[in-house]
file entry21.cif (mmCIF, C-alpha atoms)
data_query
loop_
_atom_site.label_atom_id
_atom_site.label_comp_id
_atom_site.auth_asym_id
_atom_site.auth_seq_id
_atom_site.Cartn_x
_atom_site.Cartn_y
_atom_site.Cartn_z
CA SER A 1 126.52 183.81 215.16
CA LYS A 2 124.35 181.72 217.44
CA ALA A 3 123.46 184.89 219.33
CA GLY A 4 122.32 186.57 216.12
CA CYS A 5 120.20 183.57 215.14
CA ASP A 6 118.65 183.40 218.60
CA SER A 7 117.87 187.13 218.50
CA LEU A 8 116.17 186.85 215.12
CA ALA A 9 114.17 183.84 216.32
CA GLU A 10 112.98 185.73 219.38
CA GLU A 11 111.72 188.59 217.21
CA ILE A 12 109.82 186.12 215.03
CA LYS A 13 108.28 184.48 218.09
CA LEU A 14 106.95 187.84 219.20
CA ARG A 15 104.98 188.06 215.96
CA GLU A 16 104.11 184.46 215.08
CA ALA A 17 102.67 181.55 217.05
CA LYS A 18 103.33 178.98 214.33
CA MET A 19 105.81 178.69 211.45
CA HIS A 20 104.91 176.56 208.44
CA VAL A 21 108.00 177.19 206.29
CA LEU A 22 111.56 178.29 207.01
CA VAL A 23 113.84 179.12 204.08
CA ASN A 24 117.54 179.39 204.99
CA CYS A 25 118.88 181.40 202.08
CA SER A 26 121.73 183.59 203.31
CA GLY A 27 125.04 182.86 201.61
CA VAL A 28 128.45 184.41 200.98
CA SER A 29 131.56 183.43 199.06
CA TRP A 30 135.17 184.49 198.56
CA GLY A 31 137.47 183.99 195.60
CA ALA A 32 141.26 184.14 195.84
CA PRO A 33 144.33 182.34 194.48
CA TRP A 34 145.51 179.14 196.15
CA GLY A 35 147.73 180.10 199.06
CA GLU A 36 146.16 183.56 199.42
CA VAL A 37 142.79 182.70 200.96
CA PRO A 38 142.37 184.76 204.17
CA GLU A 39 141.33 182.73 207.18
CA THR A 40 138.70 185.06 208.63
CA GLN A 41 136.98 186.27 205.45
CA GLY A 42 137.87 183.35 203.20
CA TRP A 43 136.94 180.50 205.54
CA ASP A 44 135.51 181.41 208.95
CA ARG A 45 132.88 183.86 207.71
CA ILE A 46 131.77 181.56 204.89
CA MET A 47 131.32 178.55 207.15
CA ALA A 48 129.56 180.68 209.77
CA VAL A 49 127.02 182.21 207.37
CA ASN A 50 126.54 179.28 204.99
CA VAL A 51 126.50 176.40 207.46
CA LYS A 52 126.45 177.39 211.13
CA ALA A 53 123.62 179.89 210.72
CA VAL A 54 121.45 177.29 208.96
CA PHE A 55 121.80 175.02 211.97
CA TYR A 56 121.34 177.57 214.72
CA LEU A 57 118.38 179.41 213.18
CA THR A 58 116.57 176.14 212.53
CA VAL A 59 117.25 174.99 216.09
CA ALA A 60 115.94 178.27 217.47
CA LEU A 61 112.72 178.00 215.44
CA THR A 62 112.09 174.27 215.84
CA ASP A 63 109.32 174.72 218.40
CA LEU A 64 107.38 177.03 216.07
CA LEU A 65 107.87 174.64 213.16
CA ALA A 66 106.83 171.57 215.14
CA LYS A 67 103.72 173.14 216.66
CA ASP A 68 100.58 171.48 215.26
CA SER A 69 102.57 169.77 212.49
CA THR A 70 101.43 166.29 211.47
CA ALA A 71 102.51 163.50 209.14
CA GLU A 72 99.88 164.69 206.66
CA ASP A 73 100.81 168.36 207.01
CA PRO A 74 104.46 168.69 208.07
CA ALA A 75 106.30 171.97 208.45
CA LYS A 76 109.03 172.62 205.88
CA VAL A 77 112.65 173.72 206.14
CA ILE A 78 114.26 174.62 202.82
CA ASN A 79 118.01 175.18 202.70
CA ILE A 80 119.47 177.02 199.71
CA SER A 81 122.63 175.15 198.78
CA SER A 82 124.42 175.13 195.40
CA ASN A 83 125.39 172.70 192.65
CA ALA A 84 128.94 173.68 193.65
CA ALA A 85 128.39 171.13 196.42
CA PHE A 86 128.68 168.36 193.82
CA SER A 87 131.67 169.75 191.93
CA ALA A 88 135.37 169.15 192.48
CA HIS A 89 136.26 172.32 190.54
CA ALA A 90 137.18 175.27 192.76
CA ASP A 91 139.65 177.35 190.76
CA ASP A 92 138.39 176.21 187.36
CA SER A 93 134.72 177.08 187.62
CA ALA A 94 132.39 179.81 186.51
CA MET A 95 132.16 181.02 190.12
CA GLY A 96 135.88 180.98 190.78
CA ASN A 97 137.30 181.73 187.32
CA ARG A 98 140.88 180.85 186.54
CA GLY A 99 143.23 181.45 189.43
CA ASN A 100 140.59 182.58 191.93
CA GLY A 101 139.26 179.51 193.69
CA VAL A 102 136.17 179.10 195.85
CA TRP A 103 137.33 176.21 198.02
CA ALA A 104 135.50 177.33 201.14
CA TYR A 105 132.25 178.10 199.29
CA SER A 106 132.04 174.68 197.64
CA THR A 107 132.95 172.97 200.90
CA SER A 108 130.30 174.92 202.78
CA LYS A 109 127.59 173.95 200.30
CA ALA A 110 128.56 170.28 200.50
CA ALA A 111 128.23 170.67 204.26
CA VAL A 112 124.78 172.22 203.82
CA ASN A 113 123.66 169.18 201.83
CA HIS A 114 124.84 166.77 204.50
CA LEU A 115 123.45 168.96 207.28
CA THR A 116 120.12 168.86 205.42
CA ARG A 117 120.09 165.08 205.64
CA LEU A 118 121.08 165.11 209.31
CA MET A 119 118.35 167.64 210.09
CA ALA A 120 115.79 165.67 208.09
CA VAL A 121 116.40 162.58 210.23
CA THR A 122 116.30 164.53 213.49
CA LEU A 123 113.27 166.68 212.72
CA SER A 124 111.12 164.02 211.07
CA LYS A 125 110.22 162.94 214.60
CA LYS A 126 108.60 166.36 215.00
CA TYR A 127 106.87 166.23 211.60
CA VAL A 128 109.23 168.73 210.01
CA THR A 129 110.76 167.93 206.62
CA VAL A 130 114.11 169.36 205.52
CA ASN A 131 115.27 169.64 201.91
CA ALA A 132 117.93 171.57 200.00
CA ILE A 133 117.83 173.31 196.63
CA CYS A 134 121.10 173.32 194.70
CA PRO A 135 120.98 176.13 192.13
CA GLY A 136 123.41 176.47 189.27
CA LEU A 137 124.06 179.86 187.73
CA PHE A 138 121.42 182.44 188.66
CA PRO A 139 121.74 186.23 188.61
CA SER A 140 122.24 187.47 192.18
CA ARG A 141 124.32 189.89 194.19
CA MET A 142 126.87 187.14 194.72
CA THR A 143 127.20 186.35 190.99
CA LYS A 144 126.88 189.93 189.79
CA PHE A 145 130.55 190.24 188.84
CA VAL A 146 130.39 187.08 186.70
CA PHE A 147 127.35 188.26 184.75
CA GLN A 148 128.85 191.70 184.23
CA GLU A 149 131.94 190.16 182.69
CA ALA A 150 130.54 187.28 180.65
CA SER A 151 126.73 187.10 180.68
CA ASP A 152 126.33 185.86 177.09
CA ALA A 153 129.15 183.33 177.42
CA LEU A 154 127.62 181.94 180.60
CA ALA A 155 124.29 181.38 178.88
CA ARG A 156 125.88 179.75 175.84
CA ASN A 157 127.78 177.35 178.09
CA GLN A 158 124.59 176.02 179.69
CA PRO A 159 122.91 172.85 178.31
CA LEU A 160 119.63 174.69 177.66
CA GLY A 161 121.33 177.84 176.41
CA ARG A 162 120.29 179.98 179.37
CA VAL A 163 120.95 180.49 183.06
CA GLY A 164 118.36 180.20 185.79
CA ASN A 165 115.80 182.90 186.55
CA SER A 166 113.34 183.85 189.27
CA GLU A 167 110.53 181.73 187.82
CA ASP A 168 112.74 178.63 187.99
CA MET A 169 113.50 179.29 191.65
CA ALA A 170 109.89 180.18 192.48
CA GLY A 171 108.65 176.92 190.98
CA ILE A 172 110.77 174.64 193.13
CA ILE A 173 110.16 176.77 196.23
CA LEU A 174 106.39 176.60 195.71
CA PHE A 175 106.60 172.83 195.28
CA LEU A 176 108.61 172.37 198.47
CA CYS A 177 106.28 174.68 200.39
CA SER A 178 103.16 172.84 199.24
CA LYS A 179 101.53 169.59 200.31
CA ALA A 180 102.74 168.10 197.03
CA SER A 181 106.18 167.72 198.65
CA ARG A 182 105.06 166.39 202.02
CA HIS A 183 106.73 163.01 201.35
CA VAL A 184 110.00 164.56 200.13
CA ASN A 185 112.54 164.66 202.94
CA GLY A 186 116.33 164.92 203.05
CA ALA A 187 116.70 165.65 199.33
CA ALA A 188 119.31 167.88 197.68
CA ILE A 189 117.59 168.95 194.47
CA PRO A 190 119.70 170.26 191.56
CA LEU A 191 118.28 173.35 189.85
CA ASP A 192 120.82 173.97 187.12
CA GLY A 193 119.25 172.95 183.81
CA GLY A 194 121.44 169.85 183.80
CA ALA A 195 124.71 171.79 183.93
CA PHE A 196 126.38 169.47 186.42
CA ILE A 197 125.53 166.20 184.70
CA HIS A 198 126.65 167.76 181.40
CA GLY A 199 129.99 168.65 182.96
CA ARG A 200 129.44 172.38 182.48
CA GLN A 201 131.18 173.40 185.69
CA THR A 202 134.46 174.64 184.27
CA SER A 203 135.32 178.28 183.93
CA ILE A 204 134.33 180.70 181.21
CA ASP A 205 137.37 182.20 179.51
CA PHE A 206 137.39 185.69 180.95
CA GLN A 207 139.66 187.57 183.27
CA THR A 208 138.52 189.34 186.39
CA LYS A 209 139.94 189.79 189.85
CA SER A 210 137.27 189.46 192.45
CA LYS A 211 136.51 188.87 196.07
CA LEU A 212 132.87 187.83 196.19
#

call {"tool": "encode", "arguments": {"input": "entry21.cif", "output": "structure tokens"}}
result
Amino acid sequence: SKAGCDSLAEEIKLREAKMHVLVNCSGVSWGAPWGEVPETQGWDRIMAVNVKAVFYLTVALTDLLAKDSTAEDPAKVINISSNAAFSAHADDSAMGNRGNGVWAYSTSKAAVNHLTRLMAVTLSKKYVTVNAICPGLFPSRMTKFVFQEASDALARNQPLGRVGNSEDMAGIILFLCSKASRHVNGAAIPLDGGAFIHGRQTSIDFQTKSKL
């Protein structure tokens, strides 16, 4: 909620006079058959956490980010999106698996990518850059059920024969946090080993009923 974002921002302001980097990384999903997606959990909560919170927390912390920022040393906002933002597969994907679609999740991540561009244009005036990272398959709490059911199959289905790991994520985060990225603004950067361009977005053949 906006109130929750404002409360968190106020606590940060009590401790910090300047913010150099903000990473918006909270995310949730929900898988269900077409026609059985619950409105509150399956849509409203996902859009609130994945999109609305990114906006309101960044707004609440803009003053800290803009303070003392310059064209040569801008502050950085990094939004964690997903390569699901690029895909038109909802119920035929590794995240959704057959019959359980993730329509709201994919929509929310596409919204994050566009919000990233909108924020980049708005905040560039304050010397704050905004970029998004679009991970493919990485082990996480949200993907735990997928890896428990078909870890080896997921790896074999990837172009490089493996899924992402913490070093892959750390590398792109460090780049975007550093001065090396100071001229990168409004980008949505795929981090999926080429899975999307190889068309490796369709589901692995396993059966599981899940609500992420």

call {"tool": "closest_residue", "arguments": {"input": "entry21.cif", "among": "A:Leu154, A:Met169, A:Lys125, A:Gly4", "to": "Ala71 in chain A", "atoms": "only C-alpha atoms"}}
result
A:Lys125

call {"tool": "residues_around", "arguments": {"input": "entry21.cif", "residues": "Phe86 in chain A", "least_positions_apart": "3", "cutoff": "9 Å", "atoms": "all atoms listed in the file", "output": "list in words"}}
result
Ser82, Asn83, Ser106, Lys109, Ala110 and Phe196 of chain A

call {"tool": "closest_residue", "arguments": {"input": "entry21.cif", "among": "A:Asn50, A:Asn131, A:Asn100, A:Thr107", "to": "Ile172 in chain A", "atoms": "only C-alpha atoms"}}
result
A:Asn131

call {"tool": "closest_residue", "arguments": {"input": "entry21.cif", "among": "A:Cys5, A:Leu65, A:Val37, A:Leu123", "to": "Gly186 in chain A", "atoms": "all atoms listed in the file"}}
result
A:Leu123

call {"tool": "atom_distance", "arguments": {"input": "entry21.cif", "atom1": "CA of Val51 in chain A", "atom2": "CA of Ala132 in chain A"}}
result
12.3 Å

call {"tool": "residues_around", "arguments": {"input": "entry21.cif", "residues": "Asn185 in chain A", "least_positions_apart": "4", "cutoff": "7 Å", "atoms": "all atoms listed in the file", "output": "count of residues only"}}
result
4

call {"tool": "closest_atom_pairs", "arguments": {"input": "entry21.cif", "of": "range 28-107 of chain A", "to": "range 187-195 of chain A", "cutoff": "12 Å", "atoms": "all atoms listed in the file", "output": "JSON lines"}}
result
{"residue": "A:Val77", "atom": "CA", "partner": "A:Ala187", "partner_atom": "CA", "distance": 11.3}
{"residue": "A:Ile78", "atom": "CA", "partner": "A:Ala188", "partner_atom": "CA", "distance": 9.9}
{"residue": "A:Asn79", "atom": "CA", "partner": "A:Ala188", "partner_atom": "CA", "distance": 9.0}
{"residue": "A:Ile80", "atom": "CA", "partner": "A:Ala188", "partner_atom": "CA", "distance": 9.4}
{"residue": "A:Ser81", "atom": "CA", "partner": "A:Ala188", "partner_atom": "CA", "distance": 8.1}
{"residue": "A:Ser82", "atom": "CA", "partner": "A:Pro190", "partner_atom": "CA", "distance": 7.8}
{"residue": "A:Asn83", "atom": "CA", "partner": "A:Pro190", "partner_atom": "CA", "distance": 6.3}
{"residue": "A:Ala84", "atom": "CA", "partner": "A:Pro190", "partner_atom": "CA", "distance": 10.1}
{"residue": "A:Ala85", "atom": "CA", "partner": "A:Ala188", "partner_atom": "CA", "distance": 9.7}
{"residue": "A:Phe86", "atom": "CA", "partner": "A:Pro190", "partner_atom": "CA", "distance": 9.5}
{"residue": "A:Ser87", "atom": "CA", "partner": "A:Ala195", "partner_atom": "CA", "distance": 10.8}
{"residue": "A:Ser93", "atom": "CA", "partner": "A:Ala195", "partner_atom": "CA", "distance": 11.9}
{"residue": "A:Ala94", "atom": "CA", "partner": "A:Ala195", "partner_atom": "CA", "distance": 11.4}

call {"tool": "atom_distance", "arguments": {"input": "entry21.cif", "atom1": "CA of Ser1 in chain A", "atom2": "CA of Trp34 in chain A"}}
result
27.3 Å

call {"tool": "closest_residue", "arguments": {"input": "entry21.cif", "among": "A:Ala104, A:Met19, A:Ala88, A:Cys25", "to": "Met47 in chain A", "atoms": "only C-alpha atoms"}}
result
A:Ala104

call {"tool": "resolve_selection", "arguments": {"input": "entry21.cif", "expression": "the PyMOL selection byres ((chain A and resi 54-59) around 7)", "output": "PyMOL selection string"}}
result
chain A and resi 2+5-6+9+24+50-53+60-62

call {"tool": "write_last_selection", "arguments": {"input": "entry21.cif", "atoms": "C-alpha atoms", "output": "compact mmCIF listing (two decimals), in the coordinates of the input"}}
result
# COMPACT_ATOMS: atom_id res chain seq x y z
CA LYS A 2 124.35 181.72 217.44
CA CYS A 5 120.20 183.57 215.14
CA ASP A 6 118.65 183.40 218.60
CA ALA A 9 114.17 183.84 216.32
CA ASN A 24 117.54 179.39 204.99
CA ASN A 50 126.54 179.28 204.99
CA VAL A 51 126.50 176.40 207.46
CA LYS A 52 126.45 177.39 211.13
CA ALA A 53 123.62 179.89 210.72
CA ALA A 60 115.94 178.27 217.47
CA LEU A 61 112.72 178.00 215.44
CA THR A 62 112.09 174.27 215.84

call {"tool": "residues_around", "arguments": {"input": "entry21.cif", "residues": "range 162-166 of chain A", "least_positions_apart": "2", "cutoff": "9 Å", "atoms": "all atoms listed in the file", "output": "list in words"}}
result
Pro135, Gly136, Leu137, Phe138, Pro139, Asp152, Leu154, Ala155, Arg156, Asn157, Gln158, Pro159, Leu160, Asp168, Met169, Ala170, Gly171, Leu191, Asp192 and Gly193 of chain A

call {"tool": "write_last_selection", "arguments": {"input": "entry21.cif", "atoms": "C-alpha atoms", "output": "CSV table (one decimal), in the coordinates of the input"}}
result
chain,number,residue,atom,x,y,z
A,135,PRO,CA,121.0,176.1,192.1
A,136,GLY,CA,123.4,176.5,189.3
A,137,LEU,CA,124.1,179.9,187.7
A,138,PHE,CA,121.4,182.4,188.7
A,139,PRO,CA,121.7,186.2,188.6
A,152,ASP,CA,126.3,185.9,177.1
A,154,LEU,CA,127.6,181.9,180.6
A,155,ALA,CA,124.3,181.4,178.9
A,156,ARG,CA,125.9,179.8,175.8
A,157,ASN,CA,127.8,177.4,178.1
A,158,GLN,CA,124.6,176.0,179.7
A,159,PRO,CA,122.9,172.8,178.3
A,160,LEU,CA,119.6,174.7,177.7
A,168,ASP,CA,112.7,178.6,188.0
A,169,MET,CA,113.5,179.3,191.6
A,170,ALA,CA,109.9,180.2,192.5
A,171,GLY,CA,108.6,176.9,191.0
A,191,LEU,CA,118.3,173.4,189.8
A,192,ASP,CA,120.8,174.0,187.1
A,193,GLY,CA,119.2,173.0,183.8

call {"tool": "atom_distance", "arguments": {"input": "entry21.cif", "atom1": "CA of Ala90 in chain A", "atom2": "CA of Met119 in chain A"}}
result
26.7 Å

call {"tool": "residues_near_point", "arguments": {"input": "entry21.cif", "point": "(126.7, 182.3, 204.2)", "cutoff": "6 Å", "atoms": "only C-alpha atoms", "output": "ChimeraX atom specification"}}
result
/A:26-28,46,49-50

call {"tool": "closest_residue", "arguments": {"input": "entry21.cif", "among": "A:Gly99, A:Pro74, A:Gly199, A:Gly42", "to": "Val128 in chain A", "atoms": "all atoms listed in the file"}}
result
A:Pro74

call {"tool": "closest_residue", "arguments": {"input": "entry21.cif", "among": "A:Val102, A:Leu174, A:Ile133, A:Val112", "to": "Val21 in chain A", "atoms": "all atoms listed in the file"}}
result
A:Leu174

call {"tool": "residues_near_point", "arguments": {"input": "entry21.cif", "point": "(101.4, 163.0, 209.2)", "cutoff": "12 Å", "atoms": "all atoms listed in the file", "output": "JSON, numbers by chain"}}
result
{"A": [66, 68, 69, 70, 71, 72, 73, 74, 75, 124, 125, 126, 127, 128, 129, 179, 182, 183]}
